[in-house]
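As stored in query15.cif (mmCIF, C-alpha atoms and all ligand atoms):
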```cif
data_data
loop_
_atom_site.label_atom_id
_atom_site.label_comp_id
_atom_site.auth_asym_id
_atom_site.auth_seq_id
_atom_site.Cartn_x
_atom_site.Cartn_y
_atom_site.Cartn_z
CA MET E 596 60.05 -69.27 106.75
CA LEU E 597 59.95 -72.69 108.34
CA THR E 598 58.04 -74.23 105.44
CA GLU E 599 60.49 -72.68 103.00
CA THR E 600 63.38 -74.32 104.79
CA SER E 601 61.72 -77.72 104.94
CA ALA E 602 60.66 -77.55 101.29
CA GLN E 603 64.28 -76.79 100.49
CA ASP E 604 65.42 -79.68 102.63
CA SER E 605 63.04 -82.11 101.02
CA VAL E 606 64.27 -81.12 97.55
CA SER E 607 67.83 -81.90 98.52
CA ASP E 608 66.88 -85.16 100.28
CA PHE E 609 65.08 -86.12 97.10
CA ALA E 610 68.14 -85.17 95.02
CA ILE E 611 70.45 -87.22 97.26
CA ASP E 612 68.22 -90.30 97.17
CA VAL E 613 67.65 -90.04 93.40
CA ARG E 614 71.37 -89.74 92.79
CA SER E 615 72.28 -92.72 94.95
CA GLY E 616 69.38 -94.83 93.70
CA LEU E 617 69.95 -94.24 90.00
CA THR E 618 73.74 -94.29 89.83
CA LYS E 619 74.47 -97.43 91.87
CA SER E 620 75.32 -100.67 90.10
CA GLY E 621 72.63 -103.34 89.83
CA GLN E 622 68.90 -102.68 90.37
CA LYS E 623 68.07 -98.97 90.20
CA GLU E 624 65.60 -97.83 92.87
CA ILE E 625 63.95 -94.77 94.42
CA PRO E 626 62.31 -94.92 97.89
CA SER E 627 58.53 -95.17 97.61
CA LYS E 628 57.90 -92.18 99.91
CA TYR E 629 58.77 -89.92 96.95
CA LEU E 630 55.64 -91.10 95.10
CA TYR E 631 53.60 -88.84 97.39
CA ASP E 632 54.12 -85.28 96.25
CA GLU E 633 50.99 -83.18 95.68
CA VAL E 634 50.15 -84.86 92.37
CA GLY E 635 51.04 -88.34 93.65
CA SER E 636 48.92 -87.93 96.79
CA ALA E 637 45.96 -86.83 94.67
CA LEU E 638 46.43 -89.83 92.37
CA PHE E 639 46.59 -92.14 95.39
CA GLU E 640 43.24 -90.72 96.57
CA VAL E 641 41.82 -91.76 93.19
CA ILE E 642 43.38 -95.24 93.52
CA THR E 643 41.40 -95.73 96.75
CA LEU E 644 38.18 -95.24 94.71
CA LEU E 645 39.03 -97.88 92.08
CA PRO E 646 37.13 -101.18 92.17
CA GLU E 647 40.41 -103.10 91.71
CA TYR E 648 42.00 -101.57 94.84
CA GLY E 649 39.98 -103.61 97.30
CA LEU E 650 42.35 -103.24 100.22
CA PHE E 651 41.33 -99.67 100.95
CA ARG E 652 37.66 -100.55 101.28
CA ALA E 653 38.42 -103.70 103.29
CA ASP E 654 40.34 -101.59 105.82
CA GLU E 655 37.53 -99.04 105.89
CA ARG E 656 34.81 -101.70 106.33
CA LEU E 657 36.61 -103.38 109.21
CA LEU E 658 37.13 -100.09 111.02
CA ARG E 659 33.52 -99.04 110.48
CA GLU E 660 31.90 -102.35 111.39
CA HIS E 661 34.07 -103.08 114.42
CA ALA E 662 34.72 -99.58 115.77
CA GLY E 663 32.70 -100.25 118.92
CA GLU E 664 34.39 -103.58 119.60
CA ILE E 665 37.85 -102.16 119.01
CA ALA E 666 37.15 -99.25 121.37
CA GLN E 667 35.83 -101.61 124.04
CA SER E 668 38.82 -103.95 123.73
CA LEU E 669 41.11 -101.19 124.95
CA PRO E 670 41.85 -100.64 128.60
CA GLN E 671 39.35 -98.07 129.92
CA GLY E 672 40.40 -94.52 130.71
CA ARG E 673 41.48 -91.41 128.82
CA VAL E 674 42.97 -92.21 125.42
CA ALA E 675 45.34 -90.41 123.14
CA VAL E 676 45.19 -91.75 119.58
CA ALA E 677 48.25 -91.25 117.37
CA GLU E 678 47.87 -92.17 113.72
CA LEU E 679 50.97 -92.77 111.60
CA GLY E 680 50.11 -91.50 108.12
CA SER E 681 46.54 -90.38 108.71
CA GLY E 682 45.71 -89.17 105.21
CA SER E 683 42.35 -87.43 105.43
CA GLY E 684 41.59 -89.31 108.67
CA LYS E 685 38.21 -90.44 107.39
CA LYS E 686 38.92 -94.12 108.02
CA SER E 687 39.61 -93.41 111.68
CA SER E 688 36.47 -91.34 112.26
CA TRP E 689 34.27 -94.28 113.34
CA LEU E 690 36.80 -95.49 115.87
CA LEU E 691 37.29 -91.96 117.21
CA GLU E 692 33.53 -91.56 117.53
CA ALA E 693 33.30 -94.84 119.45
CA LEU E 694 36.16 -93.79 121.72
CA GLY E 695 34.64 -90.34 122.22
CA ALA E 696 31.41 -91.98 123.36
CA LEU E 697 33.36 -93.75 126.13
CA GLN E 698 35.77 -91.03 127.27
CA PRO E 699 37.46 -87.77 126.30
CA THR E 700 39.84 -88.53 123.44
CA VAL E 701 42.69 -86.63 121.80
CA TYR E 702 43.57 -87.49 118.20
CA TYR E 703 47.07 -86.80 116.86
CA PRO E 704 47.23 -87.33 113.09
CA ILE E 705 50.91 -87.57 112.10
CA GLU E 706 51.53 -86.73 108.46
CA ILE E 707 54.10 -85.21 106.16
CA SER E 708 51.42 -83.81 103.85
CA GLN E 709 50.00 -80.48 105.02
CA ALA E 710 47.05 -80.83 102.61
CA ALA E 711 46.08 -84.14 104.24
CA LEU E 712 46.36 -82.62 107.73
CA ASP E 713 44.16 -79.66 106.76
CA GLN E 714 41.53 -81.96 105.31
CA CYS E 715 41.72 -84.13 108.40
CA SER E 716 41.12 -81.20 110.78
CA LYS E 717 38.25 -80.03 108.59
CA GLU E 718 36.54 -83.42 108.33
CA LEU E 719 36.98 -84.57 111.92
CA GLY E 720 36.94 -81.20 113.64
CA ARG E 721 33.36 -81.40 114.87
CA MET E 722 33.38 -84.71 116.70
CA ARG E 723 31.98 -84.80 120.19
CA ASN E 724 34.55 -85.42 122.93
CA VAL E 725 37.42 -85.67 120.41
CA LYS E 726 40.13 -83.04 120.24
CA ILE E 727 42.42 -82.92 117.18
CA ASN E 728 46.07 -82.03 117.41
CA ALA E 729 47.78 -82.36 114.00
CA LEU E 730 51.52 -83.01 113.76
CA ARG E 731 53.44 -82.44 110.55
CA GLN E 732 56.35 -84.76 111.25
CA PRO E 733 57.87 -88.09 110.24
CA TYR E 734 56.08 -91.01 111.94
CA LEU E 735 58.52 -91.82 114.71
CA GLU E 736 59.34 -88.21 115.55
CA GLY E 737 55.65 -87.42 115.81
CA LEU E 738 55.03 -90.48 117.94
CA SER E 739 57.87 -89.54 120.31
CA SER E 740 56.43 -86.08 120.83
CA VAL E 741 52.97 -87.51 121.53
CA ALA E 742 54.43 -90.02 124.00
CA ALA E 743 56.53 -87.34 125.71
CA GLY E 744 53.53 -85.02 126.15
CA ARG E 745 51.05 -87.59 127.44
CA LYS E 746 49.21 -87.17 130.74
CA GLN E 747 49.86 -89.59 133.61
CA ASP E 748 46.62 -91.52 133.33
CA GLU E 749 46.40 -91.39 129.55
CA ARG E 750 46.65 -94.54 127.41
CA LEU E 751 48.13 -94.38 123.95
CA LEU E 752 46.55 -96.07 120.95
CA VAL E 753 48.74 -96.00 117.84
CA LEU E 754 47.03 -96.55 114.47
CA PHE E 755 49.06 -97.87 111.55
CA LEU E 756 46.43 -98.56 108.90
CA GLY E 757 46.03 -99.11 105.18
CA SER E 758 48.81 -101.72 104.96
CA THR E 759 51.42 -98.96 105.01
CA ILE E 760 53.51 -101.48 106.98
CA GLY E 761 53.67 -103.43 103.69
CA ASN E 762 56.01 -100.83 102.21
CA PHE E 763 58.75 -101.95 104.60
CA GLU E 764 60.91 -104.97 103.90
CA ARG E 765 59.99 -107.59 106.50
CA PRO E 766 63.07 -107.12 108.76
CA VAL E 767 62.55 -103.33 108.62
CA ALA E 768 58.89 -103.78 109.58
CA GLU E 769 59.97 -105.76 112.65
CA GLN E 770 62.50 -103.09 113.56
CA PHE E 771 59.74 -100.51 113.17
CA LEU E 772 57.43 -102.42 115.53
CA SER E 773 60.24 -102.69 118.03
CA THR E 774 60.92 -98.94 117.86
CA VAL E 775 57.23 -98.14 118.28
CA ARG E 776 57.15 -100.50 121.28
CA GLN E 777 60.00 -98.57 122.90
CA THR E 778 57.98 -95.36 122.88
CA LEU E 779 54.98 -97.08 124.53
CA ASN E 780 54.14 -98.06 128.09
CA PRO E 781 52.77 -101.49 129.04
CA GLY E 782 49.03 -101.51 128.32
CA ASP E 783 49.27 -99.10 125.38
CA ALA E 784 47.99 -100.42 122.07
CA LEU E 785 48.93 -100.59 118.40
CA LEU E 786 46.33 -101.34 115.73
CA VAL E 787 47.91 -102.56 112.48
CA GLY E 788 45.96 -102.87 109.20
CA ALA E 789 47.67 -105.33 106.84
CA ASP E 790 46.80 -106.70 103.42
CA LEU E 791 46.95 -110.51 103.31
CA GLU E 792 48.17 -112.93 100.66
CA LYS E 793 45.65 -113.70 97.95
CA PRO E 794 45.64 -115.04 94.39
CA CYS E 795 47.61 -112.98 91.87
CA SER E 796 44.49 -112.69 89.74
CA ARG E 797 43.06 -110.35 92.40
CA LEU E 798 46.27 -108.87 93.69
CA LEU E 799 47.92 -107.67 90.49
CA PRO E 800 44.96 -105.67 89.09
CA ALA E 801 44.97 -103.72 92.37
CA TYR E 802 48.38 -102.42 91.28
CA ASP E 803 47.70 -102.28 87.54
CA ASP E 804 44.16 -100.97 87.09
CA ALA E 805 42.32 -100.75 83.80
CA LEU E 806 42.04 -96.94 83.90
CA GLY E 807 45.78 -96.55 84.26
CA VAL E 808 45.63 -94.50 87.46
CA THR E 809 48.30 -96.61 89.17
CA ALA E 810 50.46 -96.32 86.06
CA ALA E 811 50.09 -92.52 86.27
CA PHE E 812 50.86 -92.65 90.02
CA ASN E 813 54.08 -94.52 89.26
CA LEU E 814 55.10 -92.45 86.19
CA ASN E 815 54.53 -89.26 88.22
CA LEU E 816 57.83 -90.05 89.93
CA LEU E 817 59.59 -89.34 86.61
CA ALA E 818 57.49 -86.20 86.14
CA ARG E 819 58.43 -85.13 89.67
CA MET E 820 62.14 -85.49 88.86
CA ASN E 821 61.53 -83.35 85.78
CA ARG E 822 59.71 -80.71 87.85
CA GLU E 823 61.92 -80.59 90.91
CA LEU E 824 65.32 -81.73 89.69
CA GLU E 825 65.19 -80.36 86.11
CA ALA E 826 65.57 -83.90 84.75
CA ASP E 827 64.72 -84.67 81.13
CA PHE E 828 62.85 -87.98 81.47
CA ASP E 829 60.68 -88.80 78.45
CA LEU E 830 57.59 -90.27 80.11
CA GLY E 831 56.78 -92.03 76.84
CA ALA E 832 60.01 -94.02 77.10
CA PHE E 833 59.00 -95.81 80.31
CA ARG E 834 56.06 -98.02 81.21
CA HIS E 835 54.48 -99.05 84.50
CA LEU E 836 55.03 -102.62 85.70
CA ALA E 837 53.46 -104.37 88.70
CA ARG E 838 54.75 -107.87 89.40
CA TYR E 839 54.43 -110.39 92.19
CA ASN E 840 57.67 -111.50 93.80
CA ALA E 841 56.65 -114.88 95.22
CA ALA E 842 59.87 -115.45 97.18
CA GLU E 843 59.41 -112.17 99.06
CA ARG E 844 55.59 -112.31 99.03
CA ARG E 845 55.20 -108.78 97.74
CA VAL E 846 53.91 -106.79 94.81
CA GLU E 847 56.68 -104.67 93.31
CA MET E 848 56.13 -101.59 91.17
CA HIS E 849 58.77 -100.78 88.59
CA LEU E 850 59.24 -98.28 85.77
CA VAL E 851 60.57 -100.12 82.70
CA ALA E 852 62.70 -98.38 80.08
CA THR E 853 61.17 -99.12 76.69
CA ARG E 854 64.38 -98.11 74.88
CA GLU E 855 68.04 -97.61 75.63
CA GLN E 856 68.56 -94.04 76.87
CA THR E 857 70.52 -91.62 79.02
CA VAL E 858 68.74 -89.10 81.23
CA GLU E 859 70.26 -85.92 82.68
CA ILE E 860 69.29 -84.93 86.22
CA PRO E 861 71.04 -81.59 86.80
CA ARG E 862 69.79 -80.81 90.31
CA ALA E 863 70.85 -84.26 91.47
CA ALA E 864 74.20 -83.67 89.76
CA CYS E 865 74.08 -86.91 87.81
CA SER E 866 72.92 -88.71 84.71
CA ALA E 867 71.44 -92.19 84.46
CA SER E 868 71.80 -94.65 81.60
CA PHE E 869 69.21 -97.32 80.94
CA MET E 870 69.39 -100.46 78.85
CA LEU E 871 66.27 -101.55 77.01
CA GLY E 872 64.03 -103.27 79.59
CA GLU E 873 66.00 -102.02 82.59
CA THR E 874 63.81 -100.93 85.53
CA ILE E 875 63.64 -98.46 88.40
CA TRP E 876 62.09 -100.20 91.40
CA THR E 877 59.71 -97.70 92.99
CA GLU E 878 57.65 -99.56 95.60
CA SER E 879 57.09 -102.85 97.41
CA SER E 880 53.79 -103.84 98.99
CA HIS E 881 54.36 -106.88 101.18
CA LYS E 882 51.50 -109.28 101.75
CA TYR E 883 51.04 -111.08 105.04
CA ARG E 884 49.86 -114.45 106.27
CA GLN E 885 46.88 -114.57 108.60
CA ASN E 886 48.93 -114.73 111.83
CA GLU E 887 52.00 -112.91 110.66
CA VAL E 888 51.39 -109.49 112.21
CA ALA E 889 50.51 -111.10 115.56
CA GLN E 890 53.76 -113.10 115.42
CA MET E 891 55.82 -110.07 114.46
CA GLY E 892 54.24 -108.23 117.37
CA SER E 893 54.98 -110.97 119.88
CA ARG E 894 58.63 -111.03 118.82
CA ASN E 895 58.80 -107.29 119.57
CA GLY E 896 57.21 -106.76 122.96
CA PHE E 897 53.51 -106.94 122.10
CA ARG E 898 50.73 -109.42 122.79
CA ALA E 899 48.07 -109.85 120.09
CA LEU E 900 44.73 -109.23 121.78
CA ARG E 901 42.37 -109.59 118.82
CA GLN E 902 42.18 -109.66 115.06
CA TRP E 903 39.38 -108.71 112.65
CA ASN E 904 39.31 -110.11 109.11
CA ASP E 905 37.38 -108.91 106.10
CA GLU E 906 35.27 -111.49 104.27
CA GLU E 907 35.41 -109.93 100.81
CA TRP E 908 39.07 -109.01 100.54
CA ALA E 909 41.68 -110.81 102.67
CA PHE E 910 42.79 -108.03 105.02
CA ALA E 911 43.35 -107.99 108.78
CA GLU E 912 43.26 -105.47 111.60
CA THR E 913 45.42 -106.76 114.44
CA LEU E 914 45.23 -105.18 117.89
CA LEU E 915 48.56 -105.47 119.67
CA ILE E 916 48.99 -104.59 123.36
CA ALA E 917 52.38 -103.50 124.70
CA GLU E 918 53.57 -105.93 127.39
C1 LIG K 1001 49.34 -96.83 100.65
C2 LIG K 1001 51.42 -97.94 100.62
C3 LIG K 1001 49.48 -99.09 101.30
O1 LIG K 1001 51.21 -100.34 98.87
O2 LIG K 1001 49.11 -100.73 98.49
C4 LIG K 1001 48.71 -98.22 95.98
C5 LIG K 1001 50.32 -97.65 97.92
N1 LIG K 1001 50.81 -98.27 95.55
N2 LIG K 1001 48.88 -98.56 94.69
C6 LIG K 1001 50.05 -99.97 98.75
C7 LIG K 1001 49.94 -98.04 96.52
C8 LIG K 1001 50.14 -98.58 94.43
C9 LIG K 1001 49.70 -98.50 98.98
N3 LIG K 1001 50.00 -98.09 100.38
#
```

So that I can check it, write out the structure of this file as structure tokens.
Ligand code: AVJ
Amino acid sequence: MLTETSAQDSVSDFAIDVRSGLTKSGQKEIPSKYLYDEVGSALFEVITLLPEYGLFRADERLLREHAGEIAQSLPQGRVAVAELGSGSGKKSSWLLEALGALQPTVYYPIEISQAALDQCSKELGRMRNVKINALRQPYLEGLSSVAAGRKQDERLLVLFLGSTIGNFERPVAEQFLSTVRQTLNPGDALLVGADLEKPCSRLLPAYDDALGVTAAFNLNLLARMNRELEADFDLGAFRHLARYNAAERRVEMHLVATREQTVEIPRAACSASFMLGETIWTESSHKYRQNEVAQMGSRNGFRALRQWNDEEWAFAETLLIAE
């Protein structure tokens, strides 16, 4: 019953956001969270396996190689770990193991995708000294419930990995850090994984791979509107575009109309007209300077305790402590 209601809700949220994003004047856009339906999430899993998408492996390497150090950098005592957007949770397993070796640990993966949460409980369910408590909620709601239910002597470690922070516009990312800080106590920690600036020759193929998986990931948004909103998008009349916006220091994904056309979207109660070459902006992935996450943290109530950088692919894990 509950899942039926929320599925219903998410269809109408999707309809509302599609309608406002495709009927406004100027740049058409759809929020990037809608890329991750069942098909989109599966395609993203494939993206993480592509040689071009080096950021996923950089994140994974840093967490694997420095799990012990990260665990030991935290204040000692019982820890609750809350991960915002855990996916399968595999990347966090080394850190959880290291924490479990030091003290009893509770892991709260916070995810919208039930499939990801199931996989997470399955893969991490047998770790020694680590209890899993999955939460199917939006990030900040999940984090608030974890913070509200914490034990007196329990420290909170929040994980925000994979450069998910890069999907936020910079001011929104700062606001997000500030909101996270408000749910924490002094001494709690936030570990942020962020992709760093690098030459376009490496960056753009990560978002426009030779196999066309990222193109399929992006075009799936049109297919999703056809499936869920009864739209009549011709997927052959749009192409995937990844471009670097140097002023904003981000990769943008767009869907480009390859001819003039009008599309009907009945369940969003609208239609959308496209000129030849007009785009729908579907995602931004901001890239950071070496010290940028530390600076953003210190403007929002955190102190940067340590940072780990990957040698092969410019990527940083920054450990922020709430002041
Ligand atoms: C999962 C949001 C971090 O922005 O790099 C991968 C998503 N988009 N390829 C990113 C994504 C295209 C990814 N994040």

**Request:** Have a look at E:Ala789, E:Leu697, E:Leu751, E:Ile625 and name the one nearest to E:Asn813; count all atoms listed in the file.
**Result:** E:Ile625

**Asked** Near E:Thr857, counting all atoms listed in the file, which residues have an atom at most 12 Å away, once you skip same-chain residues fewer than 3 positions from it, shown as a PyMOL selection string?
**Response** chain E and resi 617-618+826-829+832+852+854+860+865-871+873

**Message:** Using all atoms listed in the file, which residues of the polymer chains come no farther than 10 Å from ligand LIG 1001 (chain K)? I'd like the answer as JSON, numbers by chain.
**Reply:** {"E": [627, 628, 630, 631, 636, 638, 639, 640, 641, 642, 643, 648, 649, 650, 651, 680, 682, 756, 757, 758, 759, 760, 761, 762, 763, 788, 789, 790, 798, 800, 801, 802, 803, 804, 808, 809, 810, 812, 813, 837, 845, 846, 847, 848, 877, 878, 879, 880, 881, 882]}

**Item:** Close residues, E:His661 itself excluded, 10 Å, all atoms listed in the file, min 4 positions apart in chain, as number ranges by chain
**Value:** E: 656-657, 665-667, 689-690, 693, 903, 912

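If all atoms listed in the file are the atoms counted, then among E:Leu694, E:Ala917, E:Thr853, E:Trp876 the closest residue to E:Glu664 is E:Leu694.
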
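Using all atoms listed in the file, the contacts of E:Glu907 at a cut-off of 9 Å, with sequence neighbours closer than 2 positions omitted, comprise Gly649, Ala653, Asp905, Ala909 and Phe910 of chain E.
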
**Request:** Give the answer as one residue: which of E:Leu712, E:Ile611, E:Ala805, E:Ala742 has the shortest atom-to-atom distance to E:Leu730, using all atoms listed in the file?
**Result:** E:Leu712

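Between atom CA of E:Glu706 and atom CA of E:Glu823 the separation is 21.3 Å.
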
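Atom CA of E:Asn724 is found 17.8 Å from atom CA of E:Pro670.
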
**Fill in**
Residue with the minimum atom-to-atom distance to E:Phe771, picked from E:His835, E:Leu719, E:Tyr734, E:Ile727 with all atoms listed in the file counted, is E:Tyr734

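Of note, atom CA of E:Leu658 and atom CA of E:Gly720 are spaced 19.1 Å apart.
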
**Request:** Determine, counting only C-alpha atoms, which protein, DNA and RNA residues have an atom within 6 Å of an atom of stretch 780-787 of chain E; residues of the same chain fewer than 5 positions away are not included. Present the result as a VMD selection string.
**Result:** chain E and resid 750 to 756 912 to 918

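Each of E:Gly737, E:Leu645, E:Gln747, E:Leu824 was compared to E:Gly807 using all atoms listed in the file, and E:Leu645 turns out to be the nearest.
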
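Among the candidate residues E:Gln732, E:Gly663, E:Glu843, E:His849, the one lying nearest to E:Leu817 is E:His849, with distances computed using all atoms listed in the file.
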
Give me stretch 715-737 of chain E from this structure - N, CA and C atoms, as a PDB file, in the first residue's frame.
```pdb
ATOM      1  N   CYS E 715      22.542  -3.842  -1.133  1.00  0.00           N
ATOM      2  CA  CYS E 715      23.413  -3.375  -0.070  1.00  0.00           C
ATOM      3  C   CYS E 715      23.315  -4.281   1.162  1.00  0.00           C
ATOM      4  N   SER E 716      22.080  -4.606   1.580  1.00  0.00           N
ATOM      5  CA  SER E 716      21.897  -5.465   2.756  1.00  0.00           C
ATOM      6  C   SER E 716      22.447  -6.861   2.484  1.00  0.00           C
ATOM      7  N   LYS E 717      22.314  -7.304   1.236  1.00  0.00           N
ATOM      8  CA  LYS E 717      22.787  -8.631   0.864  1.00  0.00           C
ATOM      9  C   LYS E 717      24.317  -8.678   0.884  1.00  0.00           C
ATOM     10  N   GLU E 718      24.935  -7.659   0.268  1.00  0.00           N
ATOM     11  CA  GLU E 718      26.397  -7.672   0.132  1.00  0.00           C
ATOM     12  C   GLU E 718      27.123  -7.400   1.439  1.00  0.00           C
ATOM     13  N   LEU E 719      26.543  -6.542   2.287  1.00  0.00           N
ATOM     14  CA  LEU E 719      27.262  -6.128   3.488  1.00  0.00           C
ATOM     15  C   LEU E 719      26.723  -6.785   4.751  1.00  0.00           C
ATOM     16  N   GLY E 720      25.696  -7.622   4.573  1.00  0.00           N
ATOM     17  CA  GLY E 720      24.991  -8.183   5.709  1.00  0.00           C
ATOM     18  C   GLY E 720      25.816  -9.042   6.654  1.00  0.00           C
ATOM     19  N   ARG E 721      26.939  -9.571   6.161  1.00  0.00           N
ATOM     20  CA  ARG E 721      27.668 -10.523   7.008  1.00  0.00           C
ATOM     21  C   ARG E 721      28.936  -9.959   7.633  1.00  0.00           C
ATOM     22  N   MET E 722      29.018  -8.652   7.744  1.00  0.00           N
ATOM     23  CA  MET E 722      30.244  -8.075   8.309  1.00  0.00           C
ATOM     24  C   MET E 722      30.247  -8.155   9.828  1.00  0.00           C
ATOM     25  N   ARG E 723      31.440  -8.433  10.344  1.00  0.00           N
ATOM     26  CA  ARG E 723      31.578  -8.592  11.784  1.00  0.00           C
ATOM     27  C   ARG E 723      31.458  -7.234  12.478  1.00  0.00           C
ATOM     28  N   ASN E 724      30.633  -7.173  13.526  1.00  0.00           N
ATOM     29  CA  ASN E 724      30.544  -5.945  14.313  1.00  0.00           C
ATOM     30  C   ASN E 724      29.847  -4.783  13.605  1.00  0.00           C
ATOM     31  N   VAL E 725      29.252  -5.056  12.423  1.00  0.00           N
ATOM     32  CA  VAL E 725      28.551  -3.996  11.691  1.00  0.00           C
ATOM     33  C   VAL E 725      27.089  -4.388  11.504  1.00  0.00           C
ATOM     34  N   LYS E 726      26.210  -3.536  12.004  1.00  0.00           N
ATOM     35  CA  LYS E 726      24.780  -3.773  11.842  1.00  0.00           C
ATOM     36  C   LYS E 726      24.254  -2.857  10.749  1.00  0.00           C
ATOM     37  N   ILE E 727      23.388  -3.385   9.862  1.00  0.00           N
ATOM     38  CA  ILE E 727      22.860  -2.553   8.770  1.00  0.00           C
ATOM     39  C   ILE E 727      21.412  -2.189   9.037  1.00  0.00           C
ATOM     40  N   ASN E 728      21.112  -0.922   8.805  1.00  0.00           N
ATOM     41  CA  ASN E 728      19.760  -0.435   9.012  1.00  0.00           C
ATOM     42  C   ASN E 728      19.388   0.461   7.826  1.00  0.00           C
ATOM     43  N   ALA E 729      18.779  -0.120   6.794  1.00  0.00           N
ATOM     44  CA  ALA E 729      18.532   0.610   5.547  1.00  0.00           C
ATOM     45  C   ALA E 729      17.359   1.583   5.673  1.00  0.00           C
ATOM     46  N   LEU E 730      17.512   2.753   5.070  1.00  0.00           N
ATOM     47  CA  LEU E 730      16.454   3.766   5.091  1.00  0.00           C
ATOM     48  C   LEU E 730      16.113   4.191   3.674  1.00  0.00           C
ATOM     49  N   ARG E 731      14.860   3.946   3.275  1.00  0.00           N
ATOM     50  CA  ARG E 731      14.442   4.389   1.944  1.00  0.00           C
ATOM     51  C   ARG E 731      13.813   5.769   2.058  1.00  0.00           C
ATOM     52  N   GLN E 732      14.666   6.771   1.968  1.00  0.00           N
ATOM     53  CA  GLN E 732      14.227   8.159   2.184  1.00  0.00           C
ATOM     54  C   GLN E 732      15.111   9.118   1.397  1.00  0.00           C
ATOM     55  N   PRO E 733      14.638  10.339   1.163  1.00  0.00           N
ATOM     56  CA  PRO E 733      15.544  11.365   0.625  1.00  0.00           C
ATOM     57  C   PRO E 733      16.679  11.612   1.625  1.00  0.00           C
ATOM     58  N   TYR E 734      17.834  12.069   1.102  1.00  0.00           N
ATOM     59  CA  TYR E 734      19.044  12.214   1.919  1.00  0.00           C
ATOM     60  C   TYR E 734      18.820  12.887   3.272  1.00  0.00           C
ATOM     61  N   LEU E 735      18.265  14.101   3.211  1.00  0.00           N
ATOM     62  CA  LEU E 735      18.236  14.895   4.446  1.00  0.00           C
ATOM     63  C   LEU E 735      17.200  14.371   5.438  1.00  0.00           C
ATOM     64  N   GLU E 736      16.113  13.809   4.906  1.00  0.00           N
ATOM     65  CA  GLU E 736      15.124  13.202   5.809  1.00  0.00           C
ATOM     66  C   GLU E 736      15.724  11.996   6.507  1.00  0.00           C
ATOM     67  N   GLY E 737      16.419  11.173   5.732  1.00  0.00           N
ATOM     68  CA  GLY E 737      17.071   9.997   6.307  1.00  0.00           C
ATOM     69  C   GLY E 737      18.086  10.391   7.355  1.00  0.00           C
TER      70      GLY E 737
END
```
